[in-house]
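Below is one structure, written out as structure tokens; the observations come after it.
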Amino acid sequence: MSDSLRNKVVVVTGASSGIGRSIALESAGRGATLILLARRQEKLAEIAAEARELSGSEAFAFATDLGDADQIEASFQKIVKSVSHIDYLVNAAGFGKFASFMDSDMADAANMFQVDVLGLMYLTRLVGRVMMDQRSGQIVNFGSIAGKVPTVKSAAYSAAKAAVIQFSNVLRLELKPFGVKVMTVNPGPVYTNFFNVADQSGEYLKNVQEFVLDPDDVAWQVVHYFGSNKRELNLPLSLAAAAKLYGLFPTIGDYLSLQFASRK
């Protein structure tokens with residue numbers, strides 16, 4: 001584990017807000033060179049400027065829609081022209097929408113998979129090849145506790161995050177011989193703009209306040225484990241325990257989820 005990221009290059013997706021922004025600034029505070037990816041160029045430029053002040057190192061901002069493979073490819077080409085190596089890739093971009101599956105719009109489900117799963121996989125494949133050639137690096141993929149513990153009105157989102165978790169598990173095995181590490185981060189609810197889209201009523205966030213995480217706290221823990229062999233980080237501890245218990249006692253877990261966890 002490393003407290004200093006001086007001379008390290010960190011690529012962060014979803015860097016314009018929320019957890020991605022917090023991870024970018026936490027990394028900058030430890031001296032990292034940053035590559036920031038998100039859709040909003042103006043916001044990215046502001047965060048890049050803040051990162052340079054913190055780190056004394058360079059920060060690059062490349063506007064990228066993670067749902068568009070052509071844009072991902074174009075940004076990757078800019079990355080490899082800007083830096084000579086990549087030490088960490090943090091795939092924090094993603095969104096969700098809460099709705100009963102039978103009443104939901106399948107276009108929303110398709111978009112979720114395009115950004116949360118396929119976009120993540122596409123960029124990981126490009127950056128992963130660089131890390132394989134280096135024979136070093138770490139990929140950090142954001143899943144979710146929702147990918148482990150089912151709750152109502154999150155079928156498509158939970159499926160997307162479960163896909164990220166299992167993708168990461170297999171990728172970890174495939175990249176281990178090349179010295180490349182893979183860690184999955186599975187947070188519960190976090191105070192970010194995510195809920196402006198996912199839960200427009202505001203009721204869910206209000207109902208789960210005791211579990212809601214601060215994005216800066218999540219970022220500190222993620223960056224703390226940069227360079228480690230940790231395979232999975234589940235947050236908070238109460239929900240991490242719930243996820244373990246669900247795997248052991250799924251029938252009881254379904255009952256408890258319906259009674260206490262499905263508060264959307």
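Residues in the structure tokens are named by chain (A, B, ... in the order shown) and by number from 1 within that chain; ligands are numbered from 1 in the order shown.
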
Checklist line | Polymer residues at most 10 Å from A:Gly14, only C-alpha atoms, same-chain spacing of 6 or more positions, as a ChimeraX atom specification | finding: /A:20-21,23-24,36-40,44,64-66,90-95

Who sits within 8 Å of A:Val127, only C-alpha atoms, same chain under 2 positions skipped, as a PDB file with N, CA, C and O atoms, in the first residue's frame:
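Generated file (result-v3.pdb):
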ATOM      1  N   PHE A  76      -8.322   7.179 -25.218  1.00  0.00           N
ATOM      2  CA  PHE A  76      -7.191   6.305 -24.916  1.00  0.00           C
ATOM      3  C   PHE A  76      -5.962   6.709 -25.731  1.00  0.00           C
ATOM      4  O   PHE A  76      -4.841   6.721 -25.210  1.00  0.00           O
ATOM      5  N   ILE A  86       0.955   3.815 -17.207  1.00  0.00           N
ATOM      6  CA  ILE A  86      -0.291   3.947 -16.440  1.00  0.00           C
ATOM      7  C   ILE A  86      -0.193   2.997 -15.255  1.00  0.00           C
ATOM      8  O   ILE A  86      -0.026   1.789 -15.428  1.00  0.00           O
ATOM      9  N   LEU A  89      -5.914   2.381 -12.900  1.00  0.00           N
ATOM     10  CA  LEU A  89      -7.148   2.729 -13.606  1.00  0.00           C
ATOM     11  C   LEU A  89      -8.295   2.556 -12.626  1.00  0.00           C
ATOM     12  O   LEU A  89      -8.495   1.461 -12.094  1.00  0.00           O
ATOM     13  N   LEU A 123     -12.688   0.207 -21.904  1.00  0.00           N
ATOM     14  CA  LEU A 123     -11.523   0.974 -21.456  1.00  0.00           C
ATOM     15  C   LEU A 123     -10.542   0.085 -20.706  1.00  0.00           C
ATOM     16  O   LEU A 123      -9.321   0.208 -20.875  1.00  0.00           O
ATOM     17  N   THR A 124     -11.047  -0.831 -19.908  1.00  0.00           N
ATOM     18  CA  THR A 124     -10.182  -1.746 -19.166  1.00  0.00           C
ATOM     19  C   THR A 124      -9.331  -2.585 -20.111  1.00  0.00           C
ATOM     20  O   THR A 124      -8.145  -2.842 -19.840  1.00  0.00           O
ATOM     21  N   ARG A 125      -9.916  -3.002 -21.209  1.00  0.00           N
ATOM     22  CA  ARG A 125      -9.168  -3.813 -22.186  1.00  0.00           C
ATOM     23  C   ARG A 125      -8.004  -3.017 -22.780  1.00  0.00           C
ATOM     24  O   ARG A 125      -6.892  -3.526 -22.937  1.00  0.00           O
ATOM     25  N   ARG A 129      -3.982  -3.752 -21.494  1.00  0.00           N
ATOM     26  CA  ARG A 129      -2.898  -4.183 -22.382  1.00  0.00           C
ATOM     27  C   ARG A 129      -1.619  -3.398 -22.105  1.00  0.00           C
ATOM     28  O   ARG A 129      -0.509  -3.958 -22.166  1.00  0.00           O
ATOM     29  N   VAL A 130      -1.761  -2.102 -21.812  1.00  0.00           N
ATOM     30  CA  VAL A 130      -0.591  -1.291 -21.439  1.00  0.00           C
ATOM     31  C   VAL A 130       0.028  -1.856 -20.169  1.00  0.00           C
ATOM     32  O   VAL A 130       1.262  -2.007 -20.064  1.00  0.00           O
ATOM     33  N   MET A 131      -0.791  -2.173 -19.197  1.00  0.00           N
ATOM     34  CA  MET A 131      -0.289  -2.701 -17.925  1.00  0.00           C
ATOM     35  C   MET A 131       0.358  -4.070 -18.103  1.00  0.00           C
ATOM     36  O   MET A 131       1.364  -4.379 -17.449  1.00  0.00           O
TER      37      MET A 131
END

Next item on the list: Compile the contact shell of A:Ser27 as a PyMOL selection string: residues with an atom at most 7 Å away, counting only C-alpha atoms, same-chain residues fewer than 4 positions apart removed.
Entry: chain A and resi 5+23+31-32+223

Do a neighbour search on A:Lys244 at 10 Å with only C-alpha atoms, toss out local chain neighbours closer than 5 positions, and write the hits as a short mmCIF file (atom, residue, chain, number, x, y, z; two decimals) with all heavy atoms, in the first residue's frame.
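Result file part_2.cif:
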data_model
loop_
_atom_site.label_atom_id
_atom_site.label_comp_id
_atom_site.auth_asym_id
_atom_site.auth_seq_id
_atom_site.Cartn_x
_atom_site.Cartn_y
_atom_site.Cartn_z
N LYS A 148 -24.62 -7.62 -5.02
CA LYS A 148 -24.50 -8.78 -4.15
C LYS A 148 -25.79 -9.08 -3.40
O LYS A 148 -26.11 -10.23 -3.15
CB LYS A 148 -23.38 -8.55 -3.13
CG LYS A 148 -21.98 -8.54 -3.72
CD LYS A 148 -20.95 -8.15 -2.68
CE LYS A 148 -19.56 -8.49 -3.14
NZ LYS A 148 -19.19 -9.90 -2.99
N VAL A 149 -26.50 -8.02 -3.00
CA VAL A 149 -27.73 -8.18 -2.22
C VAL A 149 -28.90 -7.58 -3.01
O VAL A 149 -28.89 -6.39 -3.31
CB VAL A 149 -27.62 -7.46 -0.86
CG1 VAL A 149 -28.92 -7.61 -0.07
CG2 VAL A 149 -26.45 -8.02 -0.05
N LEU A 239 -23.21 -3.34 5.69
CA LEU A 239 -23.73 -3.91 4.44
C LEU A 239 -22.80 -4.99 3.90
O LEU A 239 -23.25 -5.93 3.23
CB LEU A 239 -23.95 -2.82 3.40
CG LEU A 239 -25.04 -1.80 3.74
CD1 LEU A 239 -25.25 -0.83 2.59
CD2 LEU A 239 -26.36 -2.49 4.08
N PHE A 249 -27.19 -17.55 3.52
CA PHE A 249 -28.59 -17.84 3.84
C PHE A 249 -29.52 -17.05 2.90
O PHE A 249 -30.18 -16.10 3.33
CB PHE A 249 -28.88 -17.47 5.30
CG PHE A 249 -27.92 -18.07 6.29
CD1 PHE A 249 -26.94 -17.29 6.89
CD2 PHE A 249 -28.00 -19.42 6.60
CE1 PHE A 249 -26.06 -17.85 7.80
CE2 PHE A 249 -27.11 -19.98 7.51
CZ PHE A 249 -26.14 -19.19 8.11
N PRO A 250 -29.55 -17.40 1.61
CA PRO A 250 -30.29 -16.60 0.64
C PRO A 250 -31.79 -16.54 0.88
O PRO A 250 -32.42 -15.51 0.61
CB PRO A 250 -29.96 -17.27 -0.70
CG PRO A 250 -29.51 -18.65 -0.35
CD PRO A 250 -28.84 -18.53 0.97
#

Compile a residue-level contact table for stretch 97-164 of chain A against stretch 174-177 of chain A at a cut-off of 10 Å, reporting for every qualifying residue the shortest atom pair and its distance in Å to one decimal, with only C-alpha atoms counted, rows ordered by chain and ascending number, as a Markdown table.
| residue | atom | partner | partner_atom | distance |
| --- | --- | --- | --- | --- |
| A:Gly128 | CA | A:Leu175 | CA | 8.3 |
| A:Arg129 | CA | A:Leu175 | CA | 9.6 |
| A:Met131 | CA | A:Leu175 | CA | 9.1 |
| A:Met132 | CA | A:Leu175 | CA | 7.4 |
| A:Arg135 | CA | A:Pro177 | CA | 8.6 |
| A:Ser136 | CA | A:Lys176 | CA | 9.6 |
| A:Gly137 | CA | A:Leu175 | CA | 9.9 |
| A:Gln138 | CA | A:Leu175 | CA | 9.7 |
| A:Ile139 | CA | A:Leu175 | CA | 10.0 |

Residues within 8 Å of A:Ala146, please, as a compact mmCIF listing (two decimals) with C-alpha atoms, in the first residue's frame. Count only C-alpha atoms; anything in the same chain fewer than 2 positions from it doesn't count.
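Generated file (result00.txt):
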# COMPACT_ATOMS: atom_id res chain seq x y z
CA SER A 144 -21.96 -2.11 -5.73
CA LYS A 148 -24.50 -8.78 -4.15
CA VAL A 149 -27.73 -8.18 -2.22
CA PRO A 150 -31.00 -7.86 -4.20
CA THR A 151 -33.53 -5.15 -3.40
CA SER A 154 -33.07 -2.22 -8.95
CA TYR A 157 -28.81 -1.81 -12.03
CA SER A 158 -28.10 -4.78 -9.75
CA LYS A 161 -23.13 -4.28 -11.04
CA ALA A 162 -23.14 -8.06 -10.59
CA GLY A 188 -23.66 0.91 -0.47

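Atom pair atom CA of A:Ser4 / atom CA of A:Ala51: separated by 14.8 Å.
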
Check: So which residues touch A:Ser168 within 9 Å, counting only C-alpha atoms, skipping near sequence neighbours fewer than 4 positions away, as a count of residues only?
Finding: 10

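Using only C-alpha atoms, the shortest contact distance between A:Ser104 and any of A:Val9, A:Ala156, A:Val180, A:Leu235 is found at A:Ala156.
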